[in-house]
>>> print(open('structure08.cif').read())   # mmCIF, C-alpha atoms and all ligand atoms
data_run
loop_
_atom_site.label_atom_id
_atom_site.label_comp_id
_atom_site.auth_asym_id
_atom_site.auth_seq_id
_atom_site.Cartn_x
_atom_site.Cartn_y
_atom_site.Cartn_z
CA MET F 5 -69.10 30.35 -34.27
CA THR F 6 -68.31 33.07 -36.78
CA GLN F 7 -65.36 35.26 -36.01
CA LYS F 8 -66.20 38.95 -36.12
CA ILE F 9 -63.49 41.33 -37.22
CA THR F 10 -63.48 45.06 -36.58
CA VAL F 11 -62.55 46.81 -39.83
CA ILE F 12 -61.03 50.28 -39.75
CA ARG F 13 -60.89 51.64 -43.29
CA GLY F 14 -58.69 54.54 -42.33
CA ASP F 15 -57.42 57.62 -44.14
CA GLY F 16 -55.56 58.34 -47.39
CA ILE F 17 -55.07 55.12 -49.34
CA GLY F 18 -56.67 53.21 -46.43
CA PRO F 19 -60.14 52.66 -47.95
CA GLU F 20 -58.65 51.50 -51.28
CA ILE F 21 -56.31 48.91 -49.82
CA MET F 22 -59.05 47.76 -47.42
CA ASP F 23 -61.52 47.22 -50.29
CA ALA F 24 -58.86 45.23 -52.13
CA THR F 25 -58.01 43.17 -49.05
CA LEU F 26 -61.61 42.36 -48.17
CA PHE F 27 -62.21 41.41 -51.81
CA VAL F 28 -59.38 38.85 -51.68
CA LEU F 29 -60.41 37.57 -48.22
CA GLY F 30 -63.91 37.11 -49.63
CA LYS F 31 -62.53 34.41 -51.94
CA LEU F 32 -61.26 32.37 -49.00
CA ASP F 33 -63.59 30.40 -46.80
CA THR F 34 -62.81 32.30 -43.60
CA GLY F 35 -66.23 32.51 -41.94
CA PHE F 36 -65.35 36.09 -40.98
CA GLU F 37 -67.99 38.72 -40.43
CA TYR F 38 -66.86 42.32 -40.66
CA GLU F 39 -67.91 45.21 -38.47
CA ASP F 40 -66.97 48.68 -39.72
CA ALA F 41 -65.64 51.16 -37.19
CA ASP F 42 -64.31 54.68 -37.73
CA ALA F 43 -60.97 56.04 -36.60
CA GLY F 44 -58.60 58.77 -37.70
CA LEU F 45 -59.61 61.85 -39.70
CA VAL F 46 -62.84 60.26 -40.88
CA ALA F 47 -63.85 59.73 -37.26
CA LEU F 48 -62.77 63.23 -36.23
CA GLU F 49 -65.06 64.70 -38.89
CA LYS F 50 -67.99 62.39 -38.16
CA HIS F 51 -67.81 62.01 -34.37
CA GLY F 52 -65.44 64.77 -33.23
CA ASP F 53 -63.03 62.15 -31.94
CA LEU F 54 -60.03 60.45 -33.59
CA MET F 55 -60.77 57.22 -31.75
CA PRO F 56 -64.47 57.12 -30.80
CA ALA F 57 -65.53 55.00 -27.81
CA SER F 58 -67.73 52.92 -30.13
CA THR F 59 -64.62 51.87 -32.09
CA LEU F 60 -62.77 50.88 -28.92
CA GLU F 61 -65.86 48.92 -27.85
CA SER F 62 -66.00 47.14 -31.19
CA ILE F 63 -62.34 46.07 -30.89
CA ALA F 64 -62.86 45.03 -27.26
CA ARG F 65 -65.86 42.93 -28.26
CA ASN F 66 -64.39 41.26 -31.33
CA LYS F 67 -60.79 41.12 -30.02
CA ILE F 68 -59.49 41.35 -33.57
CA ALA F 69 -59.16 44.36 -35.83
CA LEU F 70 -57.90 44.81 -39.36
CA LYS F 71 -56.78 48.38 -39.68
CA SER F 72 -55.72 50.66 -42.50
CA PRO F 73 -53.31 53.53 -41.87
CA LEU F 74 -54.70 56.54 -40.00
CA THR F 75 -53.82 60.21 -39.98
CA THR F 76 -53.11 61.80 -36.63
CA PRO F 77 -53.44 65.57 -37.26
CA VAL F 78 -50.20 67.45 -36.57
CA GLY F 79 -50.49 69.94 -33.69
CA GLY F 80 -53.67 70.28 -31.64
CA GLY F 81 -52.14 68.07 -28.97
CA PHE F 82 -53.33 64.77 -30.44
CA THR F 83 -51.56 61.62 -29.21
CA SER F 84 -50.67 59.25 -32.02
CA ILE F 85 -53.66 56.96 -32.55
CA ASN F 86 -51.43 53.93 -32.81
CA VAL F 87 -49.80 54.72 -29.48
CA SER F 88 -53.14 55.22 -27.74
CA LEU F 89 -54.47 51.93 -29.16
CA ARG F 90 -51.38 50.12 -27.94
CA ARG F 91 -51.80 51.57 -24.44
CA HIS F 92 -55.55 51.10 -24.27
CA PHE F 93 -55.41 47.40 -25.10
CA ASP F 94 -51.96 46.67 -23.63
CA LEU F 95 -50.75 45.38 -26.99
CA TYR F 96 -47.43 44.08 -25.76
CA ALA F 97 -46.18 42.27 -28.85
CA ASN F 98 -45.28 44.04 -32.08
CA VAL F 99 -44.91 41.32 -34.68
CA ARG F 100 -43.33 42.07 -38.05
CA PRO F 101 -42.60 39.42 -40.66
CA ALA F 102 -39.85 40.19 -43.18
CA VAL F 103 -39.93 37.98 -46.24
CA SER F 104 -38.11 38.31 -49.57
CA PHE F 105 -40.56 38.45 -52.44
CA PRO F 106 -39.82 37.85 -56.12
CA ASN F 107 -39.45 40.86 -58.43
CA THR F 108 -39.08 43.38 -55.64
CA LYS F 109 -36.16 45.62 -54.83
CA SER F 110 -34.15 43.61 -52.36
CA ARG F 111 -30.45 43.20 -51.84
CA PHE F 112 -30.68 39.65 -50.65
CA GLY F 113 -32.42 37.59 -53.30
CA ASP F 114 -34.89 35.21 -51.79
CA GLY F 115 -33.15 34.21 -48.57
CA VAL F 116 -35.07 36.18 -45.94
CA ASP F 117 -38.05 34.70 -44.13
CA LEU F 118 -38.16 35.83 -40.53
CA ILE F 119 -40.41 37.44 -37.97
CA THR F 120 -39.36 39.96 -35.35
CA VAL F 121 -41.31 39.97 -32.10
CA ARG F 122 -40.70 43.23 -30.26
CA GLU F 123 -41.74 43.87 -26.67
CA ASN F 124 -43.89 46.96 -26.87
CA THR F 125 -44.70 48.18 -23.35
CA GLU F 126 -41.54 48.51 -21.29
CA GLY F 127 -37.75 48.67 -21.66
CA ALA F 128 -36.14 51.93 -22.72
CA TYR F 129 -39.45 53.42 -23.89
CA LEU F 130 -40.72 54.43 -20.44
CA ALA F 131 -41.09 58.17 -20.83
CA GLU F 132 -41.59 58.46 -17.06
CA GLY F 133 -37.90 58.01 -16.28
CA GLN F 134 -36.61 60.88 -18.41
CA GLU F 135 -34.79 63.80 -16.80
CA VAL F 136 -32.53 66.61 -17.86
CA SER F 137 -30.71 68.49 -15.12
CA ALA F 138 -31.56 72.16 -14.56
CA ASP F 139 -28.25 73.29 -16.07
CA GLY F 140 -28.87 71.14 -19.14
CA GLU F 141 -25.55 69.34 -18.66
CA THR F 142 -26.84 65.90 -17.71
CA ALA F 143 -29.70 63.79 -18.95
CA PHE F 144 -31.05 60.58 -17.52
CA SER F 145 -33.42 57.98 -18.83
CA GLY F 146 -34.48 54.83 -17.03
CA THR F 147 -35.15 51.38 -18.43
CA ARG F 148 -37.47 48.97 -16.71
CA ILE F 149 -37.72 45.32 -17.53
CA THR F 150 -40.09 43.04 -15.68
CA ARG F 151 -40.26 39.29 -15.38
CA LYS F 152 -43.92 39.42 -16.43
CA GLY F 153 -43.18 41.57 -19.48
CA SER F 154 -40.27 39.39 -20.56
CA GLU F 155 -42.09 36.16 -19.93
CA ARG F 156 -45.14 37.03 -21.99
CA ILE F 157 -43.18 38.32 -24.97
CA VAL F 158 -40.84 35.33 -25.10
CA ARG F 159 -43.73 32.92 -24.62
CA TYR F 160 -45.56 34.67 -27.44
CA ALA F 161 -42.54 34.21 -29.73
CA PHE F 162 -42.34 30.48 -28.97
CA GLU F 163 -46.09 29.97 -29.39
CA LEU F 164 -45.92 31.82 -32.71
CA ALA F 165 -43.02 29.62 -33.85
CA ARG F 166 -44.92 26.50 -32.87
CA SER F 167 -48.24 27.47 -34.45
CA THR F 168 -46.69 28.60 -37.73
CA GLY F 169 -44.26 25.70 -38.12
CA ARG F 170 -41.12 27.72 -37.50
CA LYS F 171 -38.10 26.01 -35.99
CA LYS F 172 -35.97 28.49 -34.12
CA VAL F 173 -36.28 31.45 -31.75
CA THR F 174 -33.37 33.85 -31.28
CA ALA F 175 -33.41 36.05 -28.16
CA VAL F 176 -31.53 39.27 -28.83
CA HIS F 177 -29.98 41.09 -25.87
CA LYS F 178 -27.02 43.04 -24.50
CA ALA F 179 -26.73 41.19 -21.20
CA ASN F 180 -22.93 41.20 -21.29
CA ILE F 181 -22.94 44.99 -20.71
CA ILE F 182 -26.41 45.92 -19.46
CA LYS F 183 -26.43 43.19 -16.87
CA SER F 184 -29.49 44.30 -14.90
CA THR F 185 -32.24 44.86 -17.46
CA SER F 186 -30.98 42.94 -20.45
CA GLY F 187 -29.72 40.32 -18.01
CA LEU F 188 -33.21 39.79 -16.61
CA PHE F 189 -34.71 39.55 -20.08
CA LEU F 190 -32.14 36.92 -21.08
CA ALA F 191 -32.57 34.90 -17.88
CA VAL F 192 -36.33 34.79 -18.37
CA ALA F 193 -35.90 33.94 -22.06
CA ARG F 194 -33.80 30.91 -21.08
CA GLU F 195 -36.42 29.76 -18.59
CA VAL F 196 -39.22 30.05 -21.11
CA ALA F 197 -37.13 28.37 -23.84
CA ALA F 198 -36.67 25.32 -21.61
CA LYS F 199 -40.43 24.73 -21.84
CA TYR F 200 -40.28 24.49 -25.64
CA PRO F 201 -37.83 21.66 -26.34
CA ASP F 202 -39.26 21.23 -29.86
CA ILE F 203 -38.08 24.71 -30.89
CA GLU F 204 -34.39 25.53 -31.19
CA PHE F 205 -33.30 28.39 -28.92
CA GLN F 206 -30.44 30.72 -29.72
CA GLU F 207 -29.11 33.78 -27.88
CA MET F 208 -27.43 36.62 -29.70
CA ILE F 209 -25.93 39.91 -28.61
CA VAL F 210 -27.64 42.76 -30.44
CA ASP F 211 -24.57 44.18 -32.21
CA ASN F 212 -23.61 40.77 -33.54
CA CYS F 213 -27.25 40.20 -34.52
CA CYS F 214 -27.20 43.33 -36.70
CA MET F 215 -24.10 42.13 -38.49
CA GLN F 216 -25.48 38.61 -38.90
CA LEU F 217 -28.76 39.98 -40.27
CA VAL F 218 -26.89 41.76 -43.00
CA MET F 219 -24.43 38.96 -43.76
CA ARG F 220 -26.53 35.82 -43.33
CA PRO F 221 -30.17 36.78 -42.84
CA GLU F 222 -31.33 33.30 -43.86
CA GLN F 223 -30.16 31.88 -40.51
CA PHE F 224 -32.99 33.66 -38.64
CA ASP F 225 -36.51 32.40 -38.11
CA VAL F 226 -38.18 34.16 -35.15
CA ILE F 227 -36.34 36.97 -33.32
CA VAL F 228 -37.59 38.09 -29.91
CA THR F 229 -36.23 41.15 -28.15
CA THR F 230 -36.85 44.14 -25.93
CA ASN F 231 -38.50 47.39 -27.04
CA LEU F 232 -35.62 49.55 -28.31
CA PHE F 233 -33.62 46.74 -29.91
CA GLY F 234 -36.83 45.51 -31.51
CA ASP F 235 -37.59 48.93 -32.93
CA ILE F 236 -34.21 49.07 -34.63
CA ILE F 237 -34.03 45.45 -35.73
CA SER F 238 -37.53 45.36 -37.22
CA ASP F 239 -36.70 48.34 -39.42
CA LEU F 240 -33.38 46.77 -40.36
CA CYS F 241 -35.29 43.67 -41.43
CA ALA F 242 -37.83 45.69 -43.43
CA GLY F 243 -34.85 47.23 -45.20
CA LEU F 244 -33.42 43.78 -45.97
CA VAL F 245 -36.45 42.82 -48.02
CA GLY F 246 -37.10 46.28 -49.46
CA GLY F 247 -40.39 47.89 -50.30
CA LEU F 248 -42.80 49.62 -47.93
CA GLY F 249 -45.70 48.24 -49.94
CA LEU F 250 -44.95 44.72 -48.69
CA ALA F 251 -44.43 45.15 -44.93
CA PRO F 252 -47.21 44.01 -42.58
CA GLY F 253 -47.33 44.20 -38.80
CA ALA F 254 -49.45 43.17 -35.87
CA ASN F 255 -49.89 44.54 -32.36
CA ILE F 256 -50.98 41.80 -30.04
CA GLY F 257 -52.21 41.68 -26.46
CA GLU F 258 -54.11 39.25 -24.24
CA ASN F 259 -57.44 40.88 -25.04
CA ALA F 260 -57.05 42.30 -28.52
CA ALA F 261 -54.94 42.03 -31.65
CA ILE F 262 -54.69 44.64 -34.38
CA PHE F 263 -53.34 43.81 -37.84
CA GLU F 264 -52.10 46.53 -40.16
CA ALA F 265 -49.76 47.67 -42.89
CA VAL F 266 -46.52 49.24 -41.66
CA HIS F 267 -46.74 52.09 -44.19
CA GLY F 268 -48.69 55.32 -43.72
CA THR F 269 -51.64 56.91 -45.46
CA ALA F 270 -49.63 57.94 -48.56
CA PRO F 271 -51.69 61.09 -49.27
CA ASP F 272 -49.63 61.68 -52.43
CA ILE F 273 -51.33 58.76 -54.20
CA ALA F 274 -54.63 58.53 -52.29
CA GLY F 275 -57.83 58.11 -54.27
CA GLN F 276 -56.01 57.24 -57.50
CA GLY F 277 -56.03 53.46 -57.41
CA LYS F 278 -52.23 53.41 -57.31
CA ALA F 279 -51.72 51.93 -53.84
CA ASN F 280 -50.20 48.48 -53.46
CA PRO F 281 -52.57 46.43 -51.28
CA CYS F 282 -49.99 43.74 -50.40
CA ALA F 283 -48.93 45.03 -46.99
CA LEU F 284 -52.51 44.96 -45.71
CA LEU F 285 -53.09 41.60 -47.42
CA LEU F 286 -50.04 40.20 -45.68
CA ALA F 287 -51.35 41.63 -42.41
CA ALA F 288 -54.57 39.75 -43.15
CA ALA F 289 -52.46 36.59 -43.56
CA GLN F 290 -50.99 37.23 -40.10
CA MET F 291 -54.54 37.61 -38.83
CA LEU F 292 -55.49 34.25 -40.37
CA ASP F 293 -52.51 32.66 -38.61
CA HIS F 294 -53.59 34.33 -35.38
CA VAL F 295 -57.07 32.78 -35.46
CA GLY F 296 -55.66 29.37 -36.35
CA GLN F 297 -56.50 29.46 -40.07
CA THR F 298 -52.93 28.69 -41.05
CA ASP F 299 -53.96 26.93 -44.29
CA ASN F 300 -55.82 30.02 -45.48
CA ALA F 301 -52.86 32.19 -44.44
CA GLU F 302 -50.52 30.02 -46.50
CA ARG F 303 -52.84 30.04 -49.52
CA LEU F 304 -53.04 33.81 -49.39
CA ARG F 305 -49.27 34.25 -49.12
CA LYS F 306 -48.67 31.78 -51.96
CA ALA F 307 -51.14 33.63 -54.19
CA ILE F 308 -49.34 36.92 -53.50
CA VAL F 309 -45.96 35.36 -54.28
CA ALA F 310 -47.27 33.77 -57.49
CA THR F 311 -48.72 37.11 -58.63
CA LEU F 312 -45.42 38.89 -57.97
CA GLU F 313 -43.57 36.08 -59.73
CA ALA F 314 -45.79 36.47 -62.81
CA LYS F 315 -45.54 40.28 -62.64
CA ASP F 316 -49.29 40.26 -63.13
CA SER F 317 -51.04 43.61 -62.63
CA LEU F 318 -48.39 44.97 -60.24
CA THR F 319 -48.80 48.52 -58.96
CA GLY F 320 -46.40 51.35 -59.78
CA ASP F 321 -44.28 51.01 -56.64
CA LEU F 322 -43.36 47.50 -57.85
CA GLY F 323 -42.60 48.68 -61.37
CA GLY F 324 -45.95 47.72 -62.88
CA THR F 325 -48.78 49.70 -64.40
CA GLY F 326 -51.68 47.99 -62.61
CA ASN F 327 -54.13 49.45 -60.13
CA THR F 328 -55.08 48.47 -56.60
CA MET F 329 -58.19 46.45 -57.43
CA GLY F 330 -56.67 44.87 -60.53
CA PHE F 331 -53.73 43.65 -58.46
CA ALA F 332 -56.16 42.25 -55.89
CA GLN F 333 -58.09 40.44 -58.62
CA ALA F 334 -54.86 38.95 -59.98
CA ILE F 335 -54.06 37.65 -56.49
CA ALA F 336 -57.59 36.35 -55.91
CA SER F 337 -57.46 34.44 -59.21
CA ARG F 338 -54.48 32.46 -57.87
CA LEU F 339 -55.98 31.40 -54.57
P1 LIG I 401 -48.17 59.19 -43.17
O1 LIG I 401 -48.08 60.61 -42.78
O2 LIG I 401 -49.54 58.61 -42.94
O3 LIG I 401 -47.07 58.33 -42.66
P2 LIG I 401 -46.71 59.23 -45.63
O4 LIG I 401 -46.87 60.05 -46.86
O5 LIG I 401 -45.53 59.39 -44.79
O6 LIG I 401 -48.04 59.23 -44.77
P3 LIG I 401 -45.95 56.59 -46.09
O7 LIG I 401 -46.88 55.47 -46.11
O8 LIG I 401 -44.97 56.68 -44.99
O9 LIG I 401 -46.86 57.80 -46.19
O10 LIG I 401 -45.35 56.60 -47.53
C1 LIG I 401 -44.07 57.03 -47.92
C2 LIG I 401 -44.02 56.90 -49.47
O11 LIG I 401 -44.27 55.54 -49.85
C3 LIG I 401 -45.08 57.73 -50.18
O12 LIG I 401 -44.49 58.30 -51.34
C4 LIG I 401 -46.13 56.76 -50.55
O13 LIG I 401 -46.79 57.11 -51.73
C5 LIG I 401 -45.40 55.44 -50.71
N1 LIG I 401 -46.26 54.35 -50.29
C6 LIG I 401 -46.63 54.04 -49.02
N2 LIG I 401 -47.46 52.99 -48.97
C7 LIG I 401 -47.66 52.61 -50.25
C8 LIG I 401 -48.44 51.58 -50.87
N3 LIG I 401 -49.18 50.74 -50.17
N4 LIG I 401 -48.40 51.50 -52.21
C9 LIG I 401 -47.66 52.34 -52.94
N5 LIG I 401 -46.91 53.31 -52.44
C10 LIG I 401 -46.90 53.47 -51.10
MG MG I 402 -44.82 58.33 -43.01
#
>>> encode(input="structure08.cif", output="structure tokens")
Amino acid sequence: MTQKITVIRGDGIGPEIMDATLFVLGKLDTGFEYEDADAGLVALEKHGDLMPASTLESIARNKIALKSPLTTPVGGGFTSINVSLRRHFDLYANVRPAVSFPNTKSRFGDGVDLITVRENTEGAYLAEGQEVSADGETAFSGTRITRKGSERIVRYAFELARSTGRKKVTAVHKANIIKSTSGLFLAVAREVAAKYPDIEFQEMIVDNCCMQLVMRPEQFDVIVTTNLFGDIISDLCAGLVGGLGLAPGANIGENAAIFEAVHGTAPDIAGQGKANPCALLLAAAQMLDHVGQTDNAERLRKAIVATLEAKDSLTGDLGGTGNTMGFAQAIASRL
């Protein structure tokens, strides 16, 4: 059976990096079939809707989307498209690999190769609990952690470790102080870990984790944590390896998974062939892992690394003078 993928070309540099990514994927034997769907400004102009129902239907049908960055117009009361997608499909896992690449601006040489798995639907991000007293003197915000939410995110982290040949999962928490919510997350993490004896399990308090990430990032493999800690830690990790042009991410739920670049639409360089396609390509590698094509994922990542190593056709953000498609061709030639 061929796997259909919903393709959202997006705004700004989106179409350019998508063309480059689909070109490279075309050189792998993936069996993918692509279905174009509009979202963002393009969709607003064509259909009067930032996220048309037909696009949601396409994602629901195919269960997998590869998505370029989208513009949510400022003002006009638009909810961020990414937030509405996450809610609509209950995309509970935000998965962000951080890997050191050769010839990129990074403080840490080549030691970092980790994935953060952030719970994306509960924790301290529940807007419903927020309150400021009438006199403005006191503010309150609730945090809710559920067994179900914790279980599925930790299980996802272990399954990811297993399917991608990783050896260790670190659960990051603050259960020593926030005994109720972080305590529940940790207790559930321990229970789930017991079912994966082949994967090493480690617990780490979040403040120590931040220090360890900066001092010895190579000790980490898969990190799993609650929403707010995950938000902070995944950006810390992106900073460790440096370079927005190389950071992919995935939002994963039971019924859909969306793979994307972490960066935005970069209007300053749009339409000029200057965009680095690597973040979306690396998101495509995550997508290959997700559908069980781990060999293709590995080939793609190795070709990217080899191209960076050779400094062949790199784009301006990486210090080169190449263009988006030329860079993609250099990568494709190494597959
Ligand atoms: P948005 O409003 O969609 O977030 P932005 O301008 O904030 O758009 P970012 O993607 O956050 O865009 O980009 C910040 C800076 O990084 C910009 O100067 C942009 O040109 C650069 N940049 C982002 N992505 C890439 C890329 N893939 N290749 C090269 N430069 C990039
Ligand atoms: Mg931005």
>>> residues_around(input="structure08.cif", residues="Gly268 in chain F", least_positions_apart="2", cutoff="10 Å", atoms="only C-alpha atoms", output="number ranges by chain")
F: 15-18, 72-75, 248-249, 265-266, 270-271
>>> closest_atom_pairs(input="structure08.cif", of="range 30-138 of chain F", to="range 314-335 of chain F", cutoff="10 Å", atoms="only C-alpha atoms", output="CSV")
residue,atom,partner,partner_atom,distance
F:Pro106,CA,F:Lys315,CA,9.0
F:Asn107,CA,F:Lys315,CA,7.4
F:Thr108,CA,F:Leu322,CA,6.3
F:Lys109,CA,F:Leu322,CA,8.0
>>> atom_distance(input="structure08.cif", atom1="CA of Ala261 in chain F", atom2="CA of Arg100 in chain F")
13.3 Å
>>> closest_residue(input="structure08.cif", among="F:His294, F:Lys8, F:Arg303, F:His267", to="ligand MG 402 (chain I)", atoms="all atoms listed in the file")
F:His267
>>> residues_around(input="structure08.cif", residues="Ala43 in chain F", least_positions_apart="4", cutoff="9 Å", atoms="all atoms listed in the file", output="list in words")
Ile12, Arg13, Gly14, Asp15, Ala47, Leu48, Asp53, Leu54, Met55, Pro56, Thr59, Leu74, Thr75 and Ile85 of chain F
>>> closest_residue(input="structure08.cif", among="F:Leu45, F:Met291, F:Ile236, F:Ala301", to="Arg122 in chain F", atoms="all atoms listed in the file")
F:Ile236
>>> closest_residue(input="structure08.cif", among="F:Val210, F:Ala274, F:Leu292, F:Val158", to="ligand LIG 401 (chain I)", atoms="only C-alpha atoms and all ligand atoms")
F:Ala274
>>> atom_distance(input="structure08.cif", atom1="CA of Ala128 in chain F", atom2="CA of Asn231 in chain F")
6.7 Å
>>> atom_distance(input="structure08.cif", atom1="CA of Ala336 in chain F", atom2="CA of Asn255 in chain F")
26.1 Å
>>> closest_residue(input="structure08.cif", among="F:Ser88, F:Pro252, F:Gly127, F:Gly153", to="Cys282 in chain F", atoms="all atoms listed in the file")
F:Pro252
>>> closest_residue(input="structure08.cif", among="F:Glu20, F:Glu163, F:Glu61, F:Asp235", to="ligand LIG 401 (chain I)", atoms="only C-alpha atoms and all ligand atoms")
F:Glu20
>>> closest_residue(input="structure08.cif", among="F:Asn98, F:Thr298, F:Ser167, F:Ser337", to="Thr120 in chain F", atoms="all atoms listed in the file")
F:Asn98
>>> residues_around(input="structure08.cif", residues="range 145-150 of chain F", least_positions_apart="3", cutoff="10 Å", atoms="only C-alpha atoms", output="list in words")
Thr125, Glu126, Gly127, Ala128, Tyr129, Leu130, Ala131, Glu132, Gly133, Gln134, Glu135, Val136, Gly153, Ser154, Glu155, Ser184, Thr185, Ser186, Gly187, Leu188, Phe189, Val192, Thr230 and Asn231 of chain F
>>> residues_near_point(input="structure08.cif", point="(-57.1, 40.2, -35.0)", cutoff="7 Å", atoms="all atoms listed in the file", output="PyMOL selection string")
chain F and resi 9+67-70+260-263+291+294
>>> residues_around(input="structure08.cif", residues="Phe105 in chain F", least_positions_apart="2", cutoff="9 Å", atoms="all atoms listed in the file", output="number ranges by chain")
F: 103, 107-110, 113-114, 116, 245, 250, 308-309, 312-313
>>> residues_around(input="structure08.cif", residues="Gly115 in chain F", least_positions_apart="2", cutoff="10 Å", atoms="all atoms listed in the file", output="PyMOL selection string")
chain F and resi 103-105+111-113+117-118+220-224+244-245
>>> axis_aligned_box(input="structure08.cif", around="ligand LIG 401 (chain I)", padding_each_side="6 Å", output="AutoDock Vina command-line options")
--center_x -46.8 --center_y 55.7 --center_z -47.8 --size_x 17.5 --size_y 21.9 --size_z 22.3
>>> build_atoms(input="structure08.cif", residues="range 263-284 of chain F", atoms="N, CA and C atoms", output="PDB file, keeping the file's coordinate frame")
ATOM      1  N   PHE F 263     -54.181  44.165 -36.699  1.00  0.00           N
ATOM      2  CA  PHE F 263     -53.340  43.810 -37.840  1.00  0.00           C
ATOM      3  C   PHE F 263     -53.360  44.962 -38.837  1.00  0.00           C
ATOM      4  N   GLU F 264     -52.178  45.324 -39.338  1.00  0.00           N
ATOM      5  CA  GLU F 264     -52.100  46.530 -40.160  1.00  0.00           C
ATOM      6  C   GLU F 264     -50.919  46.495 -41.123  1.00  0.00           C
ATOM      7  N   ALA F 265     -50.927  47.460 -42.044  1.00  0.00           N
ATOM      8  CA  ALA F 265     -49.760  47.670 -42.890  1.00  0.00           C
ATOM      9  C   ALA F 265     -48.795  48.563 -42.117  1.00  0.00           C
ATOM     10  N   VAL F 266     -47.486  48.397 -42.360  1.00  0.00           N
ATOM     11  CA  VAL F 266     -46.520  49.240 -41.660  1.00  0.00           C
ATOM     12  C   VAL F 266     -46.503  50.657 -42.260  1.00  0.00           C
ATOM     13  N   HIS F 267     -46.825  50.769 -43.547  1.00  0.00           N
ATOM     14  CA  HIS F 267     -46.740  52.090 -44.190  1.00  0.00           C
ATOM     15  C   HIS F 267     -47.849  53.031 -43.720  1.00  0.00           C
ATOM     16  N   GLY F 268     -47.729  54.294 -44.114  1.00  0.00           N
ATOM     17  CA  GLY F 268     -48.690  55.320 -43.720  1.00  0.00           C
ATOM     18  C   GLY F 268     -49.802  55.496 -44.732  1.00  0.00           C
ATOM     19  N   THR F 269     -50.434  56.660 -44.678  1.00  0.00           N
ATOM     20  CA  THR F 269     -51.640  56.910 -45.460  1.00  0.00           C
ATOM     21  C   THR F 269     -51.343  57.324 -46.905  1.00  0.00           C
ATOM     22  N   ALA F 270     -50.070  57.586 -47.200  1.00  0.00           N
ATOM     23  CA  ALA F 270     -49.630  57.940 -48.560  1.00  0.00           C
ATOM     24  C   ALA F 270     -50.574  58.932 -49.255  1.00  0.00           C
ATOM     25  N   PRO F 271     -50.738  60.122 -48.676  1.00  0.00           N
ATOM     26  CA  PRO F 271     -51.690  61.090 -49.270  1.00  0.00           C
ATOM     27  C   PRO F 271     -51.336  61.451 -50.710  1.00  0.00           C
ATOM     28  N   ASP F 272     -50.045  61.303 -51.066  1.00  0.00           N
ATOM     29  CA  ASP F 272     -49.630  61.680 -52.430  1.00  0.00           C
ATOM     30  C   ASP F 272     -50.290  60.829 -53.515  1.00  0.00           C
ATOM     31  N   ILE F 273     -50.713  59.602 -53.171  1.00  0.00           N
ATOM     32  CA  ILE F 273     -51.330  58.760 -54.200  1.00  0.00           C
ATOM     33  C   ILE F 273     -52.767  58.355 -53.842  1.00  0.00           C
ATOM     34  N   ALA F 274     -53.297  58.940 -52.766  1.00  0.00           N
ATOM     35  CA  ALA F 274     -54.630  58.530 -52.290  1.00  0.00           C
ATOM     36  C   ALA F 274     -55.716  58.811 -53.323  1.00  0.00           C
ATOM     37  N   GLY F 275     -56.673  57.921 -53.408  1.00  0.00           N
ATOM     38  CA  GLY F 275     -57.830  58.110 -54.270  1.00  0.00           C
ATOM     39  C   GLY F 275     -57.568  57.887 -55.743  1.00  0.00           C
ATOM     40  N   GLN F 276     -56.369  57.375 -56.087  1.00  0.00           N
ATOM     41  CA  GLN F 276     -56.010  57.240 -57.500  1.00  0.00           C
ATOM     42  C   GLN F 276     -55.881  55.784 -57.951  1.00  0.00           C
ATOM     43  N   GLY F 277     -56.154  54.868 -57.029  1.00  0.00           N
ATOM     44  CA  GLY F 277     -56.030  53.460 -57.410  1.00  0.00           C
ATOM     45  C   GLY F 277     -54.595  53.002 -57.630  1.00  0.00           C
ATOM     46  N   LYS F 278     -53.637  53.763 -57.076  1.00  0.00           N
ATOM     47  CA  LYS F 278     -52.230  53.410 -57.310  1.00  0.00           C
ATOM     48  C   LYS F 278     -51.627  52.596 -56.169  1.00  0.00           C
ATOM     49  N   ALA F 279     -52.322  52.540 -55.030  1.00  0.00           N
ATOM     50  CA  ALA F 279     -51.720  51.930 -53.840  1.00  0.00           C
ATOM     51  C   ALA F 279     -51.582  50.416 -53.984  1.00  0.00           C
ATOM     52  N   ASN F 280     -50.472  49.918 -53.502  1.00  0.00           N
ATOM     53  CA  ASN F 280     -50.200  48.480 -53.460  1.00  0.00           C
ATOM     54  C   ASN F 280     -50.918  47.902 -52.226  1.00  0.00           C
ATOM     55  N   PRO F 281     -51.810  46.957 -52.411  1.00  0.00           N
ATOM     56  CA  PRO F 281     -52.570  46.430 -51.280  1.00  0.00           C
ATOM     57  C   PRO F 281     -51.851  45.318 -50.510  1.00  0.00           C
ATOM     58  N   CYS F 282     -50.631  44.954 -50.942  1.00  0.00           N
ATOM     59  CA  CYS F 282     -49.990  43.740 -50.400  1.00  0.00           C
ATOM     60  C   CYS F 282     -49.685  43.798 -48.908  1.00  0.00           C
ATOM     61  N   ALA F 283     -49.280  44.972 -48.412  1.00  0.00           N
ATOM     62  CA  ALA F 283     -48.930  45.030 -46.990  1.00  0.00           C
ATOM     63  C   ALA F 283     -50.151  44.698 -46.129  1.00  0.00           C
ATOM     64  N   LEU F 284     -51.299  45.258 -46.488  1.00  0.00           N
ATOM     65  CA  LEU F 284     -52.510  44.960 -45.710  1.00  0.00           C
ATOM     66  C   LEU F 284     -52.951  43.513 -45.934  1.00  0.00           C
TER      67      LEU F 284
END
